[in-house]
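A.B. asks: The file below is my_file-v6.cif, mmCIF, C-alpha atoms:
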data_target
#
loop_
_atom_site.label_atom_id
_atom_site.label_comp_id
_atom_site.auth_asym_id
_atom_site.auth_seq_id
_atom_site.Cartn_x
_atom_site.Cartn_y
_atom_site.Cartn_z
CA PHE J 30 20.75 19.91 64.96
CA GLY J 31 18.25 19.54 62.13
CA ALA J 32 18.03 20.84 58.57
CA MET J 33 21.07 22.35 56.94
CA GLY J 34 21.54 24.90 54.20
CA GLY J 35 23.95 27.45 52.75
CA ALA J 36 27.62 26.59 52.89
CA ARG J 37 27.06 23.28 54.64
CA ALA J 38 24.59 22.15 51.99
CA ALA J 39 27.18 22.94 49.34
CA ALA J 40 29.31 20.13 50.78
CA CYS J 41 26.74 17.54 49.71
CA PRO J 42 28.19 14.90 47.37
CA ALA J 43 26.91 14.63 43.81
CA ALA J 44 25.05 11.38 43.23
CA VAL J 45 26.59 8.92 40.83
CA PRO J 46 23.91 7.89 38.30
CA GLU J 47 23.85 4.23 37.34
CA PRO J 48 21.56 3.20 34.47
CA SER J 49 19.61 0.00 34.99
CA THR J 50 19.75 -2.89 32.52
CA TRP J 51 16.09 -2.35 31.63
CA ALA J 52 16.71 1.34 31.05
CA LEU J 53 19.51 0.59 28.63
CA PHE J 54 17.39 -2.02 26.84
CA LEU J 55 14.49 0.40 26.49
CA LEU J 56 16.76 3.15 25.25
CA GLY J 57 18.12 0.83 22.58
CA ALA J 58 14.58 -0.14 21.58
CA VAL J 59 13.60 3.50 21.22
CA VAL J 60 16.57 4.18 18.96
CA LEU J 61 15.91 1.04 16.88
CA LEU J 62 12.22 1.74 16.41
CA GLY J 63 12.91 5.36 15.61
CA SER J 64 15.33 4.34 12.90
CA ARG J 65 12.72 2.07 11.33
CA GLY J 66 9.97 4.66 11.27
CA LYS J 67 7.63 2.90 13.72
CA SER J 68 4.70 4.73 15.19
CA ARG J 69 5.22 7.66 17.50
CA ALA J 70 2.81 6.10 19.99
CA ILE J 71 5.08 3.08 20.50
CA MET J 72 8.12 5.33 20.85
CA LEU J 73 6.33 7.49 23.40
CA LEU J 74 5.32 4.41 25.39
CA LEU J 75 8.89 3.16 25.48
CA LEU J 76 10.21 6.57 26.44
CA CYS J 77 7.75 6.71 29.36
CA ALA J 78 8.88 3.23 30.42
CA LEU J 79 12.49 4.40 30.19
CA VAL J 80 11.82 7.35 32.48
CA ALA J 81 9.96 5.13 34.97
CA ALA J 82 12.80 2.61 35.00
CA GLU J 83 15.34 5.31 35.69
CA GLN J 84 13.27 6.82 38.47
CA THR J 85 12.65 3.53 40.28
CA ALA J 86 16.02 1.85 39.82
CA SER J 87 18.22 1.97 42.91
CA ALA J 88 21.86 2.81 42.60
CA GLN J 89 23.69 -0.32 41.44
CA PHE J 90 27.45 -0.51 41.25
CA SER J 91 29.28 -3.00 39.05
CA ASP J 92 32.37 -2.72 41.26
CA ILE J 93 31.90 -3.84 44.86
CA ARG J 94 34.75 -3.96 47.35
CA GLU J 95 34.42 -5.91 50.60
CA TRP J 96 36.32 -5.09 53.77
CA THR J 97 38.34 -8.19 54.79
CA ASN J 98 40.32 -7.26 57.92
CA ARG J 99 38.32 -8.47 60.93
CA ASN J 100 40.68 -6.59 63.26
CA GLY J 101 40.17 -3.24 61.56
CA GLY J 102 42.76 -1.06 59.90
CA VAL J 103 43.33 1.85 57.55
CA TYR J 104 40.56 2.54 55.02
CA THR J 105 42.97 3.48 52.24
CA PHE J 106 45.25 0.43 52.61
CA PRO J 107 44.61 -1.77 49.53
CA GLY J 108 45.23 -5.02 51.39
CA ASN J 109 42.16 -4.50 53.59
CA TRP J 110 39.83 -4.94 50.61
CA ASN J 111 38.69 -7.62 48.20
CA PRO J 112 39.41 -6.98 45.36
CA LEU J 113 42.61 -5.24 46.40
CA ASP J 114 42.48 -1.45 46.61
CA PHE J 115 40.08 0.80 48.50
CA PRO J 116 36.73 1.84 46.93
CA GLY J 117 36.59 4.64 44.39
CA VAL J 118 33.95 7.27 43.73
CA ASP J 119 31.82 4.96 41.56
CA GLU J 120 32.16 1.80 43.68
CA ALA J 121 30.34 0.29 46.65
CA ALA J 122 32.03 -0.50 49.98
CA VAL J 123 30.61 -3.46 51.94
CA PHE J 124 31.37 -4.15 55.61
CA GLY J 125 30.04 -7.62 56.44
CA ILE J 126 32.41 -9.09 59.05
CA ASP J 127 30.71 -10.16 62.29
CA ASN J 128 33.17 -8.52 64.67
CA ASP J 129 33.86 -5.24 66.51
CA TYR J 130 36.58 -3.23 64.79
CA THR J 131 37.76 0.27 63.88
CA VAL J 132 38.39 1.64 60.40
CA GLU J 133 40.76 4.62 60.34
CA LEU J 134 40.61 7.34 57.68
CA PRO J 135 43.88 9.28 57.88
CA ILE J 136 43.20 11.11 54.60
CA GLY J 137 39.43 10.71 54.26
CA GLY J 138 37.73 8.92 51.40
CA THR J 139 34.98 9.10 48.76
CA THR J 140 32.87 6.20 47.54
CA GLY J 141 29.59 5.62 45.73
CA GLU J 142 27.75 3.59 48.36
CA VAL J 143 28.39 2.05 51.79
CA LEU J 144 26.62 -1.03 53.18
CA ILE J 145 27.24 -2.15 56.76
CA SER J 146 25.47 -5.50 56.86
CA ARG J 147 26.99 -7.10 59.97
CA GLY J 148 29.28 -6.33 62.90
CA ASP J 149 30.10 -3.19 64.88
CA VAL J 150 32.19 -0.78 62.79
CA THR J 151 33.68 2.43 64.19
CA PHE J 152 34.89 4.96 61.65
CA ASP J 153 37.73 6.86 63.31
CA LEU J 154 37.88 10.10 61.34
CA LYS J 155 40.67 11.66 63.35
CA PRO J 156 43.39 9.04 63.77
CA GLY J 157 45.95 11.86 63.50
CA SER J 158 45.91 15.58 64.26
CA SER J 159 43.14 16.58 61.82
CA SER J 160 39.54 15.45 61.40
CA ARG J 161 38.66 13.83 58.06
CA THR J 162 35.53 13.26 55.98
CA LEU J 163 34.07 10.09 54.52
CA THR J 164 31.90 11.07 51.54
CA VAL J 165 29.22 8.66 50.27
CA SER J 166 27.69 9.98 47.06
CA ASN J 167 24.60 7.75 47.10
CA ASN J 168 23.27 5.53 49.90
CA LEU J 169 24.62 4.71 53.34
CA ILE J 170 22.76 1.58 54.52
CA ILE J 171 23.07 -0.05 57.96
CA GLY J 172 21.51 -3.35 59.03
CA GLY J 173 18.94 -5.54 57.36
CA GLU J 174 19.18 -9.29 57.85
CA HIS J 175 21.72 -9.11 60.70
CA GLU J 176 22.66 -6.79 63.55
CA ALA J 177 25.02 -4.05 62.42
CA THR J 178 26.29 -0.85 64.03
CA MET J 179 28.06 2.16 62.58
CA THR J 180 29.79 4.61 64.92
CA ILE J 181 31.01 8.01 63.70
CA LEU J 182 34.03 9.10 65.75
CA ASP J 183 35.68 12.55 65.72
CA GLY J 184 34.95 13.57 62.14
CA THR J 185 32.39 13.93 59.37
CA VAL J 186 30.37 11.54 57.22
CA SER J 187 28.54 13.17 54.29
CA ALA J 188 26.02 10.94 52.51
CA GLY J 189 23.24 11.14 49.96
CA ASN J 190 20.51 9.07 51.64
CA VAL J 191 20.84 7.21 54.94
CA VAL J 192 18.82 4.07 55.72
CA VAL J 193 18.95 2.33 59.14
CA ARG J 194 17.17 -1.01 58.75
CA ASP J 195 16.00 -3.62 61.24
CA GLY J 196 18.91 -4.63 63.45
CA GLY J 197 20.92 -1.58 62.39
CA ARG J 198 22.17 1.17 64.64
CA LEU J 199 23.85 4.49 63.88
CA LYS J 200 25.51 6.37 66.71
CA PHE J 201 27.99 9.13 67.47
CA GLU J 202 31.00 9.16 69.75
CA ARG J 203 33.66 11.79 70.29
CA ASN J 204 36.77 12.59 72.24
CA PHE J 205 36.44 16.11 73.65
CA PRO J 206 36.82 18.71 72.17
CA ASN J 207 36.26 16.94 68.83
CA VAL J 208 32.83 16.84 67.19
CA SER J 209 31.29 13.97 65.21
CA ILE J 210 29.09 15.06 62.28
CA LEU J 211 26.69 13.39 59.86
CA ASN J 212 25.56 15.46 56.87
CA ILE J 213 22.59 14.00 54.97
CA CYS J 214 22.01 15.56 51.59
CA GLY J 215 18.90 13.51 50.78
CA ASP J 216 16.57 11.65 53.15
CA LEU J 217 16.92 9.71 56.42
CA ASP J 218 14.91 6.48 56.78
CA ILE J 219 15.01 4.68 60.13
CA ASP J 220 13.20 1.49 59.14
CA GLY J 221 13.22 -0.68 62.26
CA GLY J 222 16.73 0.43 63.26
CA ARG J 223 18.01 2.98 65.75
CA LEU J 224 19.81 6.31 65.62
CA SER J 225 21.13 7.81 68.85
CA ARG J 226 22.94 11.08 69.40
CA SER J 227 23.86 13.18 72.43
CA GLY J 228 26.06 16.05 73.46
CA SER J 229 27.50 18.42 70.87
CA ASP J 230 27.60 15.98 67.93
CA GLU J 231 25.73 17.11 64.82
CA LEU J 232 23.19 15.66 62.42
CA ASN J 233 22.56 18.07 59.53
CA LEU J 234 19.80 17.65 56.95
CA ALA J 235 19.51 19.40 53.59
CA THR J 236 16.70 21.75 52.58
CA GLY J 237 13.49 19.87 51.81
CA SER J 238 14.73 16.63 53.35
CA GLU J 239 12.41 13.95 54.70
CA VAL J 240 12.95 11.93 57.87
CA THR J 241 10.93 8.73 58.30
CA VAL J 242 10.90 6.66 61.50
CA ARG J 243 8.86 3.50 60.98
CA ASN J 244 8.32 -0.16 61.78
CA GLY J 245 9.47 0.20 65.37
CA GLY J 246 12.44 2.39 64.43
CA ASP J 247 13.89 4.53 67.23
CA PHE J 248 15.40 8.02 66.84
CA ARG J 249 16.63 9.63 70.06
CA SER J 250 18.77 12.70 70.59
CA THR J 251 19.02 16.10 72.18
CA ARG J 252 17.76 19.24 70.40
CA TYR J 253 16.18 18.77 66.96
CA ARG J 254 15.28 21.63 64.61
CA LEU J 255 12.67 20.78 61.99
CA HIS J 256 12.77 23.57 59.41
CA GLN J 257 14.15 24.30 55.92
CA ASN J 258 10.84 22.98 54.47
CA SER J 259 11.63 19.54 55.86
CA THR J 260 9.26 16.80 57.02
CA VAL J 261 9.36 14.14 59.74
CA HIS J 262 7.08 11.09 59.44
CA VAL J 263 6.74 8.81 62.48
CA LEU J 264 4.82 5.73 61.34
CA SER J 265 3.98 2.12 62.28
CA GLY J 266 5.25 2.20 65.85
CA GLY J 267 8.22 4.48 65.25
CA ILE J 268 9.68 6.47 68.19
CA PHE J 269 11.01 10.04 67.86
CA ASP J 270 12.27 11.15 71.28
CA HIS J 271 14.23 14.40 71.76
CA THR J 272 14.98 16.66 74.69
CA GLU J 273 13.70 19.57 72.58
CA ILE J 274 11.98 19.77 69.19
CA GLN J 275 11.68 23.09 67.37
CA ILE J 276 9.33 23.11 64.38
CA ALA J 277 9.91 26.20 62.24
CA GLY J 278 11.13 27.48 65.58
CA SER J 279 13.85 29.75 66.93
CA ASN J 280 16.13 31.11 64.19
CA SER J 281 14.04 29.21 61.67
CA THR J 282 14.76 29.46 57.94
CA GLY J 283 11.75 27.64 56.58
CA ASP J 284 8.64 25.61 57.32
CA GLY J 285 8.43 22.29 59.13
CA THR J 286 5.93 19.42 59.14
CA LEU J 287 5.59 16.58 61.65
CA LEU J 288 3.25 13.63 60.97
CA ILE J 289 2.69 11.00 63.68
CA ASP J 290 0.49 8.20 62.43
CA GLY J 291 -0.61 4.80 63.66
CA PRO J 292 -0.87 2.87 66.96
CA GLY J 293 2.39 2.85 68.90
CA SER J 294 3.86 5.76 66.93
CA TYR J 295 5.24 8.12 69.56
CA VAL J 296 6.91 11.54 69.64
CA GLU J 297 8.23 13.13 72.83
CA SER J 298 9.79 16.56 73.11
CA GLY J 299 11.30 18.35 76.07
CA PHE J 300 11.55 18.03 79.82
CA ALA J 301 10.38 20.21 82.71
CA ASN J 302 11.03 23.93 82.12
CA THR J 303 11.77 23.50 78.40
CA THR J 304 10.36 26.27 76.19
CA HIS J 305 9.23 25.32 72.69
CA TYR J 306 8.52 27.72 69.82
CA TRP J 307 6.60 26.21 66.91
CA GLY J 308 6.12 28.70 64.07
CA VAL J 309 8.15 31.94 64.20
CA ASP J 310 9.64 34.53 61.85
CA GLY J 311 6.92 34.20 59.23
CA HIS J 312 7.24 30.42 58.90
CA ALA J 313 4.72 27.59 59.23
CA ALA J 314 4.71 24.67 61.66
CA ARG J 315 2.26 21.82 61.12
CA VAL J 316 1.74 18.77 63.33
CA ASP J 317 -0.74 15.96 62.64
CA VAL J 318 -1.35 13.17 65.17
CA THR J 319 -3.59 10.51 63.61
CA SER J 320 -4.82 6.91 63.80
CA GLY J 321 -3.89 6.20 67.42
CA ALA J 322 -0.50 7.94 67.61
CA THR J 323 0.81 9.92 70.62
CA LEU J 324 2.47 13.34 70.97
CA LEU J 325 3.91 14.31 74.37
CA VAL J 326 5.33 17.81 74.94
CA ASP J 327 6.94 18.50 78.31
CA GLY J 328 7.44 22.18 79.10
CA GLU J 329 5.98 25.44 77.78
CA LEU J 330 4.67 25.34 74.21
CA ASN J 331 4.30 28.51 72.14
CA LEU J 332 2.34 28.23 68.90
CA ALA J 333 3.03 31.15 66.52
CA THR J 334 3.56 33.54 69.43
CA GLU J 335 6.43 35.42 67.78
CA GLY J 336 7.08 36.81 64.32
CA ASP J 337 4.74 38.51 61.89
CA GLY J 338 2.88 36.09 59.63
CA SER J 339 3.88 32.88 61.44
CA THR J 340 1.45 29.96 61.57
CA ALA J 341 1.26 26.85 63.74
CA ASP J 342 -1.42 24.19 63.50
CA ILE J 343 -1.80 21.00 65.52
CA THR J 344 -4.47 18.42 64.66
CA ILE J 345 -5.26 15.43 66.88
CA ALA J 346 -7.60 13.16 64.93
CA GLY J 347 -8.90 9.62 65.25
CA PRO J 348 -9.71 7.24 68.12
CA GLY J 349 -6.70 6.67 70.35
CA SER J 350 -4.80 9.68 68.99
CA GLN J 351 -3.58 11.81 71.88
CA PHE J 352 -1.67 14.96 72.78
CA LEU J 353 -0.32 14.83 76.35
CA PHE J 354 0.97 17.96 78.07
CA PRO J 355 2.42 16.81 81.41
CA ASP J 356 4.55 19.62 82.88
CA VAL J 357 3.20 21.02 86.16
CA GLY J 358 2.74 24.78 85.85
CA ALA J 359 3.62 24.89 82.14
CA GLU J 360 1.66 27.03 79.68
CA LEU J 361 0.20 26.29 76.29
CA ILE J 362 0.08 29.61 74.41
CA ILE J 363 -1.77 29.77 71.11
CA GLY J 364 -1.29 32.75 68.78
CA GLY J 365 -0.02 36.30 69.24
CA VAL J 366 2.11 39.06 67.65
CA ASN J 367 0.27 38.79 64.32
CA GLY J 368 0.68 35.02 64.31
CA SER J 369 -2.05 32.52 63.51
CA ALA J 370 -2.32 29.24 65.43
CA SER J 371 -4.84 26.49 66.03
CA LEU J 372 -5.27 23.32 68.05
CA THR J 373 -7.90 20.98 66.63
CA VAL J 374 -9.07 17.88 68.50
CA THR J 375 -11.49 15.85 66.42
CA ASP J 376 -12.92 12.44 65.54
CA GLY J 377 -12.20 10.84 68.92
CA GLY J 378 -8.82 12.53 69.39
CA PHE J 379 -7.75 13.43 72.92
CA PHE J 380 -5.87 16.34 74.58
CA GLN J 381 -4.96 16.21 78.27
CA HIS J 382 -2.84 18.23 80.64
CA ILE J 383 -1.55 15.51 82.97
CA GLY J 384 0.64 17.61 85.26
CA GLY J 385 -1.33 16.92 88.42
CA ALA J 386 -2.29 19.63 90.89
CA GLY J 387 0.11 22.31 89.66
CA ILE J 388 -1.13 25.64 88.33
CA SER J 389 -1.26 25.44 84.54
CA LYS J 390 -2.60 27.72 81.85
CA VAL J 391 -3.89 27.63 78.34
CA GLN J 392 -3.77 31.06 76.69
CA ILE J 393 -5.63 31.80 73.47
CA ARG J 394 -4.24 35.08 72.15
CA ALA J 395 -5.12 37.12 69.09
CA GLY J 396 -5.05 34.86 66.05
CA GLY J 397 -5.36 31.69 68.13
CA GLU J 398 -8.16 29.15 68.31
CA ILE J 399 -9.05 25.76 69.76
CA ASN J 400 -11.49 23.54 67.89
CA VAL J 401 -12.99 20.46 69.56
CA THR J 402 -15.31 18.64 67.15
CA ASP J 403 -16.80 15.25 66.22
CA GLY J 404 -16.14 13.47 69.51
CA GLY J 405 -12.82 15.07 70.30
CA ILE J 406 -11.93 15.47 74.00
CA PHE J 407 -10.10 18.45 75.50
#
Let me see the structure of the file written as structure tokens.

C.D. replies:
Amino acid sequence: FGAMGGARAAACPAAVPEPSTWALFLLGAVVLLGSRGKSRAIMLLLLCALVAAEQTASAQFSDIREWTNRNGGVYTFPGNWNPLDFPGVDEAAVFGIDNDYTVELPIGGTTGEVLISRGDVTFDLKPGSSSRTLTVSNNLIIGGEHEATMTILDGTVSAGNVVVRDGGRLKFERNFPNVSILNICGDLDIDGGRLSRSGSDELNLATGSEVTVRNGGDFRSTRYRLHQNSTVHVLSGGIFDHTEIQIAGSNSTGDGTLLIDGPGSYVESGFANTTHYWGVDGHAARVDVTSGATLLVDGELNLATEGDGSTADITIAGPGSQFLFPDVGAELIIGGVNGSASLTVTDGGFFQHIGGAGISKVQIRAGGEINVTDGGIF
């Protein structure tokens, strides 16, 4: 559960580019001015504006199809859509009915964008004997102005970017022994919404992906692997709560970065007797807790204790920023086996082992260091 690569990454859909109106206008202006011999400076300016317009324009689809059957039904049945016919690869599918219903995909489907703006929609991806895939080449967006829920049941959803807005919820359900899977080939943004996952269901992120949990967003699950050069940002009161977080950890294939910033922003990993490995196999793990945020790790924490050339660095900086280590008898081990690791508590930051009267240890091995500076408390 975490970043994906290799064969799974190859299943990512290709984004469907959609030029904006301004981009087309600017392109026409460039051609017109070029044909009239105007100055190169003006042409360069327009070309720069063209590039900027293309980079900032969101995917817009001229063809939008709205789901109309409030009782649910088959995704590929034309009569369930307005206009008639199910969405194609360059169209947007909108689910805006305020009701609880199930959409079945007996043969899968591919569309340009999916917006779930209202209601509770379950996508049954195994209505028959075989699991199917819903492919969204651009954005999958849940919530916004109204409460909206998307449930992935017994199959796979592969999307470009996923955004869970205020009032939105994304969850997984499955009928044993089936598995529900979400492949994200771009970024995941939980902006005030909620994503929940448990059991054996999978959330797979592409190499270099970015996960942002912000504005009171809530992301809870079981094991999460933060690697493949990916980043998690927990901002503005976001919550990132997992039974185990590995950052460039066991079987890692790349670096991982976790930023927790701002009052109310909270990350919790593990439970009693959990063992964490942050930074192994020559990879780098970096964690920054800043501006009043909180990191809580329950269980043993190993910072770059295995693997030649691994690094792990934790910084707790700013008044109200805190790193809590509550497990009775658990160890914090910093460095070892040619690894380099550091824990820095600075500028009013705070580290505390809150496990009570149990025997606990902090080991600083070769290559490890603890720095407490500028009003930091350890």

A.B. asks: Using all atoms listed in the file, what residues lie at most 6 Å away from (15.0, 11.7, 53.2) (file coordinates), given as a list in words?

C.D. replies: Gly215, Asp216, Leu217, Ser238, Glu239 and Val240 of chain J

A.B. asks: Neighbouring residues of Ala313 (chain J) were defined as those with any atom within 6 Å, considering all atoms listed in the file; residues of the same chain fewer than 4 positions away were excluded. Please report them as a PDB file with C-alpha atoms, in the frame of the given file.

C.D. replies:
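The new file part-v4.pdb reads:
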ATOM      1  CA  ASP J 284       8.640  25.610  57.320  1.00  0.00           C
ATOM      2  CA  GLY J 308       6.120  28.700  64.070  1.00  0.00           C
ATOM      3  CA  SER J 339       3.880  32.880  61.440  1.00  0.00           C
ATOM      4  CA  THR J 340       1.450  29.960  61.570  1.00  0.00           C
ATOM      5  CA  ALA J 341       1.260  26.850  63.740  1.00  0.00           C
TER       6      ALA J 341
END

A.B. asks: What's around region 188-202 of chain J at 8 Å? Count all atoms listed in the file, leave out sequence neighbours fewer than 5 positions away in its own chain, and write the answer as JSON, numbers by chain.

C.D. replies: {"J": [41, 42, 43, 44, 164, 165, 166, 167, 168, 169, 170, 171, 172, 173, 174, 175, 176, 177, 178, 179, 180, 181, 182, 183, 209, 210, 211, 212, 213, 214, 215, 216, 217, 218, 219, 220, 221, 222, 223, 224, 225, 226, 227, 230, 246]}

A.B. asks: Please define a box with edges along x, y and z of the file around all atoms of region 246-265 of chain J given in the file, extend it by 8 Å on each side, and return its centre and edge lengths in Å to one decimal, as lines of an AutoDock Vina configuration file.

C.D. replies:
center_x = 11.5
center_y = 13.2
center_z = 63.3
size_x = 31.0
size_y = 38.2
size_z = 33.7

A.B. asks: Pull out every residue that the PyMOL selection byres ((chain J and resi 119-131) around 7) matches in the shown coordinates and put them as a PyMOL selection string.

C.D. replies: chain J and resi 45+90+92-96+99-102+116-118+132-133+140-153

A.B. asks: Quick one, how far is CA of Gly299 (chain J) from CA of Leu234 (chain J)?

C.D. replies: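 Interatomic distance, CA of Gly299 (chain J) to CA of Leu234 (chain J): 20.9 Å.
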